[in-house]
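What's in final_20.txt: compact mmCIF, C-alpha atoms and all ligand atoms
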```
# COMPACT_ATOMS: atom_id res chain seq x y z
CA MET A 27 58.37 88.20 161.01
CA PRO A 28 56.94 84.95 159.53
CA LEU A 29 60.29 84.25 157.85
CA LEU A 30 62.15 84.97 161.06
CA ALA A 31 59.74 82.60 162.82
CA LEU A 32 60.66 79.87 160.32
CA GLY A 33 64.35 80.45 161.12
CA ALA A 34 63.57 80.36 164.85
CA ALA A 35 61.72 77.06 164.40
CA SER A 36 64.86 75.58 162.82
CA LEU A 37 67.00 76.96 165.64
CA LEU A 38 64.80 75.56 168.41
CA SER A 39 64.40 72.14 166.81
CA GLY A 40 68.11 72.10 165.91
CA LEU A 41 68.94 72.71 169.57
CA ALA A 42 66.52 69.97 170.67
CA GLY A 43 68.26 67.71 168.14
CA ALA A 44 71.67 68.77 169.54
CA LEU A 45 70.67 67.70 173.05
CA ALA A 46 69.44 64.36 171.71
CA ARG A 47 72.74 63.87 169.81
CA LEU A 48 74.65 64.64 173.01
CA GLY A 49 72.72 61.89 174.77
CA ALA A 50 71.10 64.28 177.24
CA GLY A 51 67.93 62.14 177.19
CA THR A 52 65.64 65.06 176.25
CA PRO A 53 62.83 64.69 173.66
CA SER A 54 63.39 65.94 170.14
CA PRO A 55 61.19 66.28 167.02
CA LEU A 56 61.28 63.49 164.43
CA GLY A 57 64.09 64.58 162.10
CA ALA A 58 65.80 67.10 164.40
CA ALA A 59 68.58 64.90 165.81
CA ALA A 60 69.80 63.54 162.48
CA GLY A 61 69.24 66.90 160.75
CA HIS A 62 70.76 69.06 163.55
CA GLY A 63 73.72 70.31 161.46
CA VAL A 64 71.64 71.38 158.44
CA LEU A 65 68.91 72.84 160.64
CA MET A 66 71.40 75.06 162.45
CA THR A 67 73.46 76.14 159.44
CA LEU A 68 70.94 76.44 156.59
CA GLY A 69 67.56 76.36 158.37
CA PHE A 70 68.54 78.92 161.01
CA LEU A 71 71.67 80.86 159.94
CA GLY A 72 70.87 80.49 156.22
CA THR A 73 67.32 81.81 156.65
CA LEU A 74 68.57 84.70 158.79
CA ILE A 75 71.30 85.61 156.29
CA ALA A 76 69.01 85.27 153.25
CA LEU A 77 66.39 87.41 155.02
CA GLU A 78 68.92 90.12 155.76
CA ARG A 79 70.07 90.02 152.13
CA ALA A 80 66.46 90.28 150.91
CA VAL A 81 65.99 93.41 153.03
CA ALA A 82 69.17 94.87 151.52
CA LEU A 83 68.12 93.90 147.98
CA ARG A 84 64.76 95.69 148.37
CA GLN A 85 63.09 93.36 145.87
CA ALA A 86 60.11 91.19 146.80
CA TRP A 87 61.53 88.19 144.93
CA GLY A 88 64.56 88.19 147.27
CA TYR A 89 62.33 86.87 150.06
CA LEU A 90 61.90 83.58 148.23
CA ALA A 91 65.37 82.40 149.37
CA PRO A 92 64.63 82.62 153.14
CA LEU A 93 61.16 81.18 152.51
CA LEU A 94 62.63 78.14 150.75
CA SER A 95 65.29 77.53 153.40
CA GLY A 96 62.76 78.05 156.20
CA LEU A 97 60.46 75.48 154.56
CA GLY A 98 63.46 73.20 154.05
CA GLY A 99 64.04 73.39 157.82
CA LEU A 100 60.42 72.48 158.52
CA ALA A 101 60.66 69.56 156.09
CA ILE A 102 63.71 68.22 157.98
CA VAL A 103 61.98 68.53 161.36
CA ALA A 104 58.82 66.85 160.07
CA GLY A 105 60.90 63.96 158.69
CA VAL A 106 59.75 64.59 155.08
CA PRO A 107 61.68 62.06 152.95
CA ALA A 108 64.34 62.87 150.34
CA PRO A 109 64.54 64.56 147.90
CA TRP A 110 62.41 67.37 149.41
CA PRO A 111 64.68 68.77 152.16
CA PRO A 112 67.84 68.90 149.99
CA LEU A 113 65.81 70.12 147.02
CA LEU A 114 64.35 73.03 149.00
CA MET A 115 67.78 73.89 150.41
CA ALA A 116 69.41 73.72 146.96
CA ALA A 117 66.72 75.99 145.51
CA ALA A 118 67.24 78.45 148.38
CA GLY A 119 71.02 78.47 147.78
CA ALA A 120 70.51 79.03 144.04
CA TRP A 121 68.06 81.86 144.70
CA LEU A 122 70.40 83.53 147.16
CA SER A 123 73.22 83.25 144.60
CA ALA A 124 70.94 84.95 142.05
CA GLY A 125 70.31 87.73 144.56
CA TYR A 126 74.06 88.25 144.93
CA LEU A 127 74.43 88.34 141.15
CA VAL A 128 71.97 91.25 141.01
CA MET A 129 73.80 92.99 143.88
CA TRP A 130 77.11 92.42 142.12
CA GLN A 131 75.78 93.99 138.91
CA ARG A 132 74.80 97.06 140.93
CA GLN A 133 78.01 97.10 142.94
CA PRO A 134 80.84 94.90 141.58
CA THR A 135 82.94 94.87 144.75
CA VAL A 136 85.22 92.28 146.27
CA HIS A 137 83.07 91.87 149.40
CA ILE A 138 79.96 91.02 147.35
CA THR A 139 82.11 88.53 145.41
CA VAL A 140 83.19 86.84 148.66
CA GLN A 141 79.62 86.62 149.93
CA ALA A 142 78.41 85.31 146.56
CA LEU A 143 81.04 82.55 146.79
CA GLY A 144 79.56 81.74 150.21
CA ALA A 145 76.10 81.38 148.64
CA LEU A 146 77.63 79.11 145.98
CA ALA A 147 79.03 76.94 148.81
CA TRP A 148 75.50 76.68 150.23
CA TRP A 149 74.19 75.64 146.82
CA GLY A 150 77.11 73.24 146.17
CA GLY A 151 76.66 71.55 149.55
CA ALA A 152 72.91 71.15 149.06
CA MET A 153 73.50 69.68 145.58
CA CYS A 154 75.95 67.15 147.08
CA TRP A 155 73.33 66.31 149.72
CA LEU A 156 70.77 65.83 146.95
CA ALA A 157 73.23 63.49 145.23
CA GLY A 158 73.53 61.38 148.39
CA THR A 159 76.51 62.83 150.32
CA ASP A 160 76.16 62.24 154.09
CA LEU A 161 76.23 65.00 156.74
CA PRO A 162 79.96 64.76 157.60
CA GLY A 163 80.60 65.17 153.85
CA LEU A 164 78.46 68.31 153.80
CA ALA A 165 80.17 69.92 156.80
CA PRO A 166 83.04 71.57 154.82
CA TRP A 167 80.51 73.16 152.42
CA LEU A 168 78.39 74.41 155.32
CA ALA A 169 81.48 75.89 156.98
CA ALA A 170 82.49 77.60 153.71
CA PHE A 171 79.02 79.13 153.34
CA VAL A 172 78.90 80.54 156.87
CA VAL A 173 82.52 81.71 156.96
CA LEU A 174 82.58 83.39 153.52
CA THR A 175 79.30 85.19 154.20
CA ILE A 176 80.62 86.65 157.45
CA ALA A 177 84.09 87.31 156.05
CA GLY A 178 82.61 89.24 153.10
CA GLU A 179 80.94 91.61 155.51
CA ARG A 180 84.15 92.10 157.46
CA VAL A 181 86.02 92.87 154.21
CA GLU A 182 83.43 95.55 153.44
CA LEU A 183 84.09 97.20 156.79
CA ALA A 184 87.86 96.81 156.61
CA ARG A 185 88.22 98.25 153.12
CA LEU A 186 88.50 101.89 154.22
CA ALA A 187 91.48 101.00 156.38
CA LEU A 188 92.95 99.09 153.43
CA VAL A 189 92.82 101.89 150.85
CA GLY A 190 96.07 101.93 148.90
CA ARG A 191 96.95 98.31 149.75
CA ARG A 192 96.69 95.42 147.32
CA TYR A 193 94.24 93.56 149.54
CA ARG A 194 91.84 92.28 146.85
CA GLU A 195 94.27 89.61 145.61
CA VAL A 196 94.80 88.23 149.14
CA VAL A 197 91.05 88.23 149.80
CA LEU A 198 90.42 86.35 146.57
CA VAL A 199 93.13 83.80 147.44
CA TRP A 200 91.66 82.88 150.84
CA SER A 201 88.15 82.89 149.35
CA ALA A 202 89.26 80.51 146.60
CA LEU A 203 90.89 78.18 149.15
CA ILE A 204 87.78 78.19 151.36
CA LEU A 205 85.44 77.38 148.46
CA GLY A 206 87.92 75.17 146.61
CA GLY A 207 88.52 72.96 149.70
CA PRO A 208 84.94 71.62 149.92
CA ALA A 209 84.81 71.23 146.14
CA LEU A 210 88.00 69.12 146.31
CA THR A 211 86.54 66.93 149.09
CA VAL A 212 84.15 65.49 146.50
CA VAL A 213 87.05 63.63 144.85
CA TRP A 214 89.83 63.86 147.44
CA PRO A 215 88.40 64.33 150.97
CA ALA A 216 91.67 64.50 152.96
CA VAL A 217 93.27 67.05 150.62
CA GLY A 218 90.10 69.13 150.29
CA ALA A 219 89.67 69.37 154.07
CA ARG A 220 93.28 70.54 154.45
CA VAL A 221 92.90 73.12 151.68
CA LEU A 222 89.83 74.42 153.54
CA GLY A 223 91.89 74.46 156.76
CA VAL A 224 94.67 76.49 155.13
CA GLY A 225 92.10 78.96 153.76
CA LEU A 226 90.52 79.37 157.20
CA LEU A 227 93.91 79.84 158.85
CA VAL A 228 94.93 82.54 156.37
CA LEU A 229 91.54 84.21 156.86
CA SER A 230 91.72 84.17 160.65
CA GLY A 231 95.21 85.73 160.51
CA TRP A 232 93.95 88.31 157.97
CA LEU A 233 90.97 89.21 160.16
CA VAL A 234 93.07 89.56 163.30
CA ARG A 235 95.49 91.77 161.36
CA TYR A 236 93.12 93.97 159.34
CA ASP A 237 89.67 93.92 160.94
CA ILE A 238 88.72 97.26 162.45
CA ALA A 239 87.71 95.33 165.59
CA ARG A 240 91.34 95.51 166.65
CA ARG A 241 90.96 99.27 166.98
CA THR A 242 87.35 99.44 168.11
CA VAL A 243 87.97 97.04 171.01
CA HIS A 244 89.54 100.07 172.73
CA ALA A 245 86.29 102.03 172.41
CA ARG A 246 83.38 101.76 174.84
CA GLY A 247 79.89 100.30 175.20
CA LEU A 248 78.32 98.48 172.27
CA THR A 249 81.26 99.17 169.95
CA ARG A 250 83.66 97.48 172.33
CA TYR A 251 81.26 94.60 172.96
CA MET A 252 80.92 93.96 169.21
CA ALA A 253 84.70 94.00 168.78
CA SER A 254 85.06 91.50 171.66
CA CYS A 255 82.58 89.14 169.95
CA LEU A 256 84.53 89.40 166.70
CA LEU A 257 88.05 88.93 168.08
CA THR A 258 87.14 85.93 170.25
CA GLY A 259 85.36 84.40 167.26
CA TYR A 260 88.50 84.76 165.12
CA GLY A 261 90.41 82.77 167.73
CA TRP A 262 88.01 79.82 167.38
CA LEU A 263 88.24 80.04 163.60
CA GLY A 264 92.00 79.56 163.90
CA VAL A 265 91.47 76.52 166.18
CA ALA A 266 89.13 74.88 163.63
CA ALA A 267 91.60 75.61 160.83
CA LEU A 268 94.48 73.96 162.67
CA ILE A 269 92.47 70.79 163.41
CA TRP A 270 91.37 70.50 159.78
CA ILE A 271 94.97 70.92 158.58
CA TRP A 272 96.22 68.39 161.12
CA ARG A 273 93.51 65.72 160.78
CA GLY A 274 92.22 66.17 157.22
CA ALA A 275 88.75 64.76 156.47
CA LEU A 276 86.68 64.22 159.63
CA THR A 277 83.62 62.03 159.83
CA ASP A 278 83.05 61.43 163.57
CA GLY A 279 84.64 61.43 167.02
CA PRO A 280 86.05 64.18 169.25
CA ALA A 281 88.04 66.00 166.51
CA TYR A 282 84.91 66.16 164.33
CA ASP A 283 82.86 67.60 167.20
CA ALA A 284 85.63 70.07 168.14
CA THR A 285 86.29 71.37 164.62
CA LEU A 286 82.67 71.86 163.66
CA HIS A 287 81.71 73.59 166.88
CA ALA A 288 84.82 75.79 166.90
CA VAL A 289 83.57 77.10 163.53
CA PHE A 290 79.82 77.10 164.08
CA LEU A 291 79.50 77.92 167.78
CA GLY A 292 82.82 79.66 168.58
CA PHE A 293 83.08 81.67 165.38
CA ALA A 294 79.62 81.91 163.80
CA MET A 295 77.50 82.29 166.95
CA SER A 296 79.96 84.81 168.38
CA MET A 297 79.43 86.80 165.16
CA VAL A 298 75.66 86.47 165.58
CA LEU A 299 75.89 87.88 169.13
CA GLY A 300 78.07 90.73 167.88
CA HIS A 301 75.97 91.60 164.82
CA ALA A 302 72.49 91.18 166.35
CA PRO A 303 72.34 94.79 167.64
CA VAL A 304 72.76 95.92 164.01
CA ILE A 305 70.90 93.24 162.06
CA LEU A 306 67.74 93.12 164.20
CA PRO A 307 67.06 96.87 163.85
CA ALA A 308 67.57 96.60 160.07
CA VAL A 309 65.36 93.54 159.63
CA LEU A 310 62.69 94.00 162.31
CA ARG A 311 62.87 97.76 162.87
CA VAL A 312 63.25 97.37 166.62
CA ARG A 313 66.19 98.33 168.77
CA LEU A 314 68.24 95.74 170.63
CA PRO A 315 69.72 97.96 173.34
CA TYR A 316 73.19 97.11 174.58
CA HIS A 317 73.66 96.28 178.27
CA PRO A 318 76.94 95.31 180.00
CA ARG A 319 75.31 91.98 180.96
CA ASP A 320 75.63 91.03 177.25
CA TYR A 321 79.19 90.09 178.17
CA GLY A 322 77.73 87.39 180.41
CA VAL A 323 76.14 85.64 177.42
CA LEU A 324 79.38 85.99 175.45
CA ALA A 325 81.44 84.56 178.32
CA LEU A 326 78.99 81.66 178.69
CA LEU A 327 79.24 80.92 174.96
CA HIS A 328 83.03 80.75 174.95
CA GLY A 329 83.35 79.19 178.41
CA SER A 330 80.92 76.35 177.62
CA LEU A 331 82.62 75.71 174.29
CA ALA A 332 86.06 75.61 175.90
CA LEU A 333 84.73 73.10 178.45
CA ARG A 334 83.32 70.95 175.65
CA ILE A 335 86.33 71.12 173.34
CA VAL A 336 89.19 71.06 175.86
CA GLY A 337 87.64 68.97 178.64
CA GLY A 338 85.33 66.82 176.53
CA ASP A 339 86.99 66.39 173.13
CA LEU A 340 90.70 66.85 173.91
CA PHE A 341 90.83 65.04 177.28
CA ASP A 342 87.94 62.76 176.33
CA VAL A 343 85.86 63.36 179.47
CA GLU A 344 82.33 62.55 178.35
CA LEU A 345 80.70 64.41 181.27
CA LEU A 346 82.47 67.68 180.33
CA ARG A 347 81.45 67.27 176.69
CA VAL A 348 77.80 66.88 177.72
CA VAL A 349 77.88 69.68 180.33
CA GLY A 350 79.65 72.03 177.89
CA GLY A 351 77.14 71.14 175.15
CA VAL A 352 74.10 71.65 177.41
CA LEU A 353 75.50 75.01 178.58
CA GLY A 354 75.96 75.95 174.92
CA VAL A 355 72.27 75.28 174.32
CA VAL A 356 71.39 77.30 177.45
CA THR A 357 73.49 80.21 176.12
CA LEU A 358 71.72 80.29 172.77
CA LEU A 359 68.29 80.04 174.41
CA ALA A 360 69.22 82.84 176.84
CA PHE A 361 70.29 85.00 173.91
CA VAL A 362 67.06 84.36 171.99
CA ALA A 363 64.93 85.06 175.09
CA TYR A 364 66.88 88.24 175.79
CA ALA A 365 66.64 89.46 172.17
CA ALA A 366 62.92 88.67 172.02
CA SER A 367 62.19 90.44 175.32
CA SER A 368 64.27 93.49 174.30
CA ALA A 369 62.49 93.66 170.95
CA TYR A 370 59.10 93.30 172.65
CA GLY A 371 59.98 95.90 175.29
CA ALA A 372 61.23 98.32 172.63
CA ARG A 373 58.01 97.93 170.62
CA ARG A 374 55.85 98.49 173.68
CA GLY A 375 57.96 101.51 174.54
CA GLY A 376 57.22 102.89 171.07
CA HIS A 377 60.82 102.61 169.80
CA ARG A 378 60.35 101.79 166.18
CA PRO A 379 63.18 103.51 164.38
CA ALA A 380 63.00 103.49 160.60
CA VAL A 381 65.54 101.29 158.82
CA ALA A 382 67.44 104.34 157.70
CA ALA A 383 67.80 105.50 161.30
CA ALA A 384 69.13 102.20 162.60
CA PRO A 385 72.87 102.29 163.26
CA THR A 386 74.93 100.37 160.74
CA THR A 387 77.83 98.12 161.72
CA PHE A 388 80.08 100.68 160.08
CA GLU A 389 78.74 103.54 162.21
CA LEU A 390 78.84 101.49 165.39
CA GLN A 391 82.45 100.81 164.68
CA GLY A 392 83.45 104.41 164.47
CA GLY A 393 82.59 105.35 160.86
CA ARG A 394 80.35 108.22 159.74
CA ARG A 395 77.40 107.81 157.43
C1 LIG A 401 74.57 74.85 171.14
C2 LIG A 401 75.02 73.72 171.35
C3 LIG A 401 75.24 72.61 170.35
C4 LIG A 401 75.30 71.30 170.70
C5 LIG A 401 75.12 70.72 172.08
C6 LIG A 401 75.60 70.55 169.48
C7 LIG A 401 75.77 69.18 169.43
C8 LIG A 401 76.19 68.46 168.33
C9 LIG A 401 76.52 67.07 168.33
C10 LIG A 401 76.49 66.17 169.56
C11 LIG A 401 76.91 66.74 167.08
C12 LIG A 401 77.39 65.39 166.60
C13 LIG A 401 78.89 65.34 166.70
C14 LIG A 401 79.45 63.99 166.41
O1 LIG A 401 78.82 63.21 165.69
O2 LIG A 401 80.59 63.74 166.88
C15 LIG A 401 76.80 67.92 166.25
C16 LIG A 401 77.10 67.99 164.91
C17 LIG A 401 76.98 69.13 164.16
N1 LIG A 401 76.63 70.39 164.61
FE1 LIG A 401 76.15 70.90 166.51
N2 LIG A 401 75.70 71.42 168.43
C18 LIG A 401 75.48 72.69 168.91
C19 LIG A 401 75.48 73.85 168.17
C20 LIG A 401 75.65 73.91 166.81
C21 LIG A 401 75.53 75.11 166.02
C22 LIG A 401 75.24 76.51 166.59
C23 LIG A 401 75.75 74.76 164.73
C24 LIG A 401 75.73 75.60 163.48
C25 LIG A 401 75.41 76.87 163.42
C26 LIG A 401 76.01 73.33 164.70
C27 LIG A 401 76.29 72.59 163.56
C28 LIG A 401 76.62 71.26 163.54
C29 LIG A 401 77.00 70.54 162.34
C30 LIG A 401 77.13 71.13 160.93
C31 LIG A 401 77.23 69.22 162.73
C32 LIG A 401 77.69 68.09 161.80
C33 LIG A 401 76.57 67.47 161.05
C34 LIG A 401 76.00 66.33 161.79
O3 LIG A 401 76.79 65.42 162.15
O4 LIG A 401 74.76 66.34 162.00
N3 LIG A 401 75.94 72.85 165.97
N4 LIG A 401 76.36 68.97 167.06
```

What would the structure in this file look like if it were written as structure tokens?
Amino acid sequence: MPLLALGAASLLSGLAGALARLGAGTPSPLGAAAGHGVLMTLGFLGTLIALERAVALRQAWGYLAPLLSGLGGLAIVAGVPAPWPPLLMAAAGAWLSAGYLVMWQRQPTVHITVQALGALAWWGGAMCWLAGTDLPGLAPWLAAFVVLTIAGERVELARLALVGRRYREVVLVWSALILGGPALTVVWPAVGARVLGVGLLVLSGWLVRYDIARRTVHARGLTRYMASCLLTGYGWLGVAALIWIWRGALTDGPAYDATLHAVFLGFAMSMVLGHAPVILPAVLRVRLPYHPRDYGVLALLHGSLALRIVGGDLFDVELLRVVGGVLGVVTLLAFVAYAASSAYGARRGGHRPAVAAAPTTFELQGGRR
């Protein structure tokens, strides 16, 4: 709970910073506007992911990674000067990578490898930040971290359907492109960004082709809802990939805004909505019951993003960019409020299923334990 609260603090201040960056005229904590990107990706998503990994690792030392990234988020918000925020984030990335190394020794699988490469991207980006790289320069690393972490989990779930196929080589190729792109940007930004774009494009095609969501979208209830979150997210991943291939290195302007938010809002947050009913029970031991109105939040997420990217960034209508951005913030706040009230209601109702009894993503998607 305290670690989750640190992640939530990064999310809320990151959103306040987002509104300030949009020019909405709302107040924002000291470092939140400038640090919005790192707060959202490492402070919020990074803490959440590292926390979930620590639960899976079942070792007390694993919790140090989310603690470090949560504190890194607080340091950004409080405006603590360099080198502390990047140092804390780099230490968190290194610790998470160590956690994956232990997992890999227990279970040397391709999906752990992909997720470990994601943790290396986190660490690599934070090291570049420590060395003085600016936020637009960090963005490819942050994208690689988030995308590889999520993609690794999808590979794990897809592998049963892939038995007998030579899928490992293809997975390692797109993983290498997605991690190699940001690494190349250090010396050759335009080429590195395009390599990342090609990796993301291959991955989005691979996910659409092989992810079990393509089958489970024909199921019902929560299973179908999760598949809808995944498939719509893959669409946005393809959009980001195409812009990166077309434009190369991006440092500001409409294409920068569109690419980053296609990845981080359209893809990553859609994955968060889809995985929350599985991850929250595992981490917090409370149910997050599915309700058909969940589709409302999903539609608001994608609708507001389309308004921002198509109306605001593509047609350059500032009002649509701001309205789409503000609606995006409203969506995320609505999701957090809904998750918190469901969790609270479930606890009051005495629903506290043990971790082992919580449904896994695999089971929710049609598999048997
Ligand atoms: C929910 C609504 C959101 C709004 C209104 C918003 C707004 C913004 C704005 C205005 C920028 C600056 C763009 C520019 O300079 O052209 C930005 C940059 C960025 N955003 Fe967001 N954002 C949102 C959500 C997110 C989320 C969910 C993530 C990640 C999980 C994210 C990650 C980033 C990153 C990495 C950058 C680039 C780094 C930087 O320039 O600070 N954003 N965002």

Exercise. Counting all atoms listed in the file, what residues are within 6 Å of ligand LIG 401 (chain A), given as number ranges by chain?
Worked result: A: 44-45, 47-48, 60-63, 66-67, 161-162, 165, 278-280, 282-283, 286-287, 290-291, 351-352, 354-355

Taking only residues of region 32-126 of chain A that have an atom at most 12 Å from an atom of region 131-136 of chain A, what is each one's shortest atom pair and its distance in Å to one decimal, using all atoms listed in the file, in chain and number order, as JSON lines?
```
{"residue": "A:Leu83", "atom": "CA", "partner": "A:Arg132", "partner_atom": "CA", "distance": 10.2}
{"residue": "A:Ala124", "atom": "CA", "partner": "A:Gln131", "partner_atom": "CA", "distance": 10.7}
{"residue": "A:Gly125", "atom": "CA", "partner": "A:Gln131", "partner_atom": "CA", "distance": 10.1}
{"residue": "A:Tyr126", "atom": "CA", "partner": "A:Gln131", "partner_atom": "CA", "distance": 8.5}
```

For this session: Please provide as a ChimeraX atom specification all residues within 9 Å of region 250-263 of chain A, with the sequence filter that same-chain residues fewer than 2 positions apart are discarded (counting only C-alpha atoms).
Result: /A:173,226-227,229-231,233-234,237-248,265-268,285,287-301,303,316,318,320-321,324,328,390-391

Export, as a PDB file, in the frame of the given file, the selected residues with C-alpha atoms.
```
ATOM      1  CA  VAL A 173      82.520  81.710 156.960  1.00  0.00           C
ATOM      2  CA  LEU A 226      90.520  79.370 157.200  1.00  0.00           C
ATOM      3  CA  LEU A 227      93.910  79.840 158.850  1.00  0.00           C
ATOM      4  CA  LEU A 229      91.540  84.210 156.860  1.00  0.00           C
ATOM      5  CA  SER A 230      91.720  84.170 160.650  1.00  0.00           C
ATOM      6  CA  GLY A 231      95.210  85.730 160.510  1.00  0.00           C
ATOM      7  CA  LEU A 233      90.970  89.210 160.160  1.00  0.00           C
ATOM      8  CA  VAL A 234      93.070  89.560 163.300  1.00  0.00           C
ATOM      9  CA  ASP A 237      89.670  93.920 160.940  1.00  0.00           C
ATOM     10  CA  ILE A 238      88.720  97.260 162.450  1.00  0.00           C
ATOM     11  CA  ALA A 239      87.710  95.330 165.590  1.00  0.00           C
ATOM     12  CA  ARG A 240      91.340  95.510 166.650  1.00  0.00           C
ATOM     13  CA  ARG A 241      90.960  99.270 166.980  1.00  0.00           C
ATOM     14  CA  THR A 242      87.350  99.440 168.110  1.00  0.00           C
ATOM     15  CA  VAL A 243      87.970  97.040 171.010  1.00  0.00           C
ATOM     16  CA  HIS A 244      89.540 100.070 172.730  1.00  0.00           C
ATOM     17  CA  ALA A 245      86.290 102.030 172.410  1.00  0.00           C
ATOM     18  CA  ARG A 246      83.380 101.760 174.840  1.00  0.00           C
ATOM     19  CA  GLY A 247      79.890 100.300 175.200  1.00  0.00           C
ATOM     20  CA  LEU A 248      78.320  98.480 172.270  1.00  0.00           C
ATOM     21  CA  VAL A 265      91.470  76.520 166.180  1.00  0.00           C
ATOM     22  CA  ALA A 266      89.130  74.880 163.630  1.00  0.00           C
ATOM     23  CA  ALA A 267      91.600  75.610 160.830  1.00  0.00           C
ATOM     24  CA  LEU A 268      94.480  73.960 162.670  1.00  0.00           C
ATOM     25  CA  THR A 285      86.290  71.370 164.620  1.00  0.00           C
ATOM     26  CA  HIS A 287      81.710  73.590 166.880  1.00  0.00           C
ATOM     27  CA  ALA A 288      84.820  75.790 166.900  1.00  0.00           C
ATOM     28  CA  VAL A 289      83.570  77.100 163.530  1.00  0.00           C
ATOM     29  CA  PHE A 290      79.820  77.100 164.080  1.00  0.00           C
ATOM     30  CA  LEU A 291      79.500  77.920 167.780  1.00  0.00           C
ATOM     31  CA  GLY A 292      82.820  79.660 168.580  1.00  0.00           C
ATOM     32  CA  PHE A 293      83.080  81.670 165.380  1.00  0.00           C
ATOM     33  CA  ALA A 294      79.620  81.910 163.800  1.00  0.00           C
ATOM     34  CA  MET A 295      77.500  82.290 166.950  1.00  0.00           C
ATOM     35  CA  SER A 296      79.960  84.810 168.380  1.00  0.00           C
ATOM     36  CA  MET A 297      79.430  86.800 165.160  1.00  0.00           C
ATOM     37  CA  VAL A 298      75.660  86.470 165.580  1.00  0.00           C
ATOM     38  CA  LEU A 299      75.890  87.880 169.130  1.00  0.00           C
ATOM     39  CA  GLY A 300      78.070  90.730 167.880  1.00  0.00           C
ATOM     40  CA  HIS A 301      75.970  91.600 164.820  1.00  0.00           C
ATOM     41  CA  PRO A 303      72.340  94.790 167.640  1.00  0.00           C
ATOM     42  CA  TYR A 316      73.190  97.110 174.580  1.00  0.00           C
ATOM     43  CA  PRO A 318      76.940  95.310 180.000  1.00  0.00           C
ATOM     44  CA  ASP A 320      75.630  91.030 177.250  1.00  0.00           C
ATOM     45  CA  TYR A 321      79.190  90.090 178.170  1.00  0.00           C
ATOM     46  CA  LEU A 324      79.380  85.990 175.450  1.00  0.00           C
ATOM     47  CA  HIS A 328      83.030  80.750 174.950  1.00  0.00           C
ATOM     48  CA  LEU A 390      78.840 101.490 165.390  1.00  0.00           C
ATOM     49  CA  GLN A 391      82.450 100.810 164.680  1.00  0.00           C
TER      50      GLN A 391
END
```

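The gap separating CA of Pro208 (chain A) from CA of Arg273 (chain A) is 15.0 Å, in Å to one decimal.
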
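For the set A:Thr52, A:Glu179, A:Ala108, A:Trp148, the residue with the smallest atom-to-atom gap to Ser95 (chain A) is A:Trp148, counting only C-alpha atoms.
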
Exercise. Out of A:Ala281, A:Val224, A:Ala209, A:Leu188, which residue has the shortest atom-to-atom distance to Leu340 (chain A) when counting only C-alpha atoms?
Worked result: A:Ala281

Exercise. Can you tell me, as an MDAnalysis selection string, what residues are no more than 8 Å from Pro109 (chain A) when counting only C-alpha atoms, ignoring any on the same chain fewer than 3 positions away?
Worked result: chainID A and resid 112:113 156

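The smallest atom-to-atom distance between Met115 (chain A) and any of A:Phe341, A:Phe70, A:Trp200, A:Trp87, using only C-alpha atoms, is found for A:Phe70.
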
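Atom pair CA of Ala117 (chain A) / CA of Met129 (chain A) has a distance of 18.5 Å (rounded to one decimal).
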
Determine the axis-aligned bounding box of all atoms of region 149-153 of chain A present in the file, pad each side by 5 Å, and express its centre and edge lengths in Å to one decimal place as JSON.
```
{"center_x": 75.0, "center_y": 72.7, "center_z": 147.6, "size_x": 14.2, "size_y": 16.0, "size_z": 14.0}
```

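Put simply, CA of Thr139 (chain A) is 20.0 Å away from CA of Ala152 (chain A).
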
For this session: Return the single residue from A:Leu314, A:Ala187, A:Leu65, A:Leu353 that is closest to Val103 (chain A), with distances computed using all atoms listed in the file.
Result: A:Leu65

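Using only C-alpha atoms, the nearest neighbour of Ala59 (chain A) within the list A:Ala34, A:Ala104, A:Pro215, A:Leu71 is A:Ala104.
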
Problem set entry | Contacts of Arg79 (chain A) within 12 Å, all atoms listed in the file, excl. fewer than 2 positions in-chain, as a VMD selection string | chain A and resid 72 to 77 81 to 92 121 to 129 138 141 to 142 145 175 179 305 308 to 309

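Residue nearest Leu37 (chain A), chosen from A:Val221, A:Phe361, A:Leu345, A:Arg194 and counting all atoms listed in the file: A:Phe361.
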
Problem set entry | Residues near Arg347 (chain A), cut-off 7 Å, all atoms listed in the file, skip fewer than 5 positions along chain, as a list in words | Leu333, Arg334, Gly337, Gly338 and Asp339 of chain A

Could you model N, CA and C atoms for region 271-276 of chain A and present them as a CSV table (one decimal), in the frame of the given file?
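Result file follows (part-v4.csv):
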```
chain,number,residue,atom,x,y,z
A,271,ILE,N,93.7,71.1,159.2
A,271,ILE,CA,95.0,70.9,158.6
A,271,ILE,C,95.6,69.7,159.1
A,272,TRP,N,95.6,69.5,160.4
A,272,TRP,CA,96.2,68.4,161.1
A,272,TRP,C,95.6,67.1,160.8
A,273,ARG,N,94.2,67.0,160.9
A,273,ARG,CA,93.5,65.7,160.8
A,273,ARG,C,92.9,65.4,159.4
A,274,GLY,N,92.8,66.4,158.5
A,274,GLY,CA,92.2,66.2,157.2
A,274,GLY,C,90.7,65.9,157.3
A,275,ALA,N,90.2,65.0,156.5
A,275,ALA,CA,88.8,64.8,156.5
A,275,ALA,C,88.3,64.2,157.8
A,276,LEU,N,87.2,64.7,158.3
A,276,LEU,CA,86.7,64.2,159.6
A,276,LEU,C,85.3,63.7,159.4
```
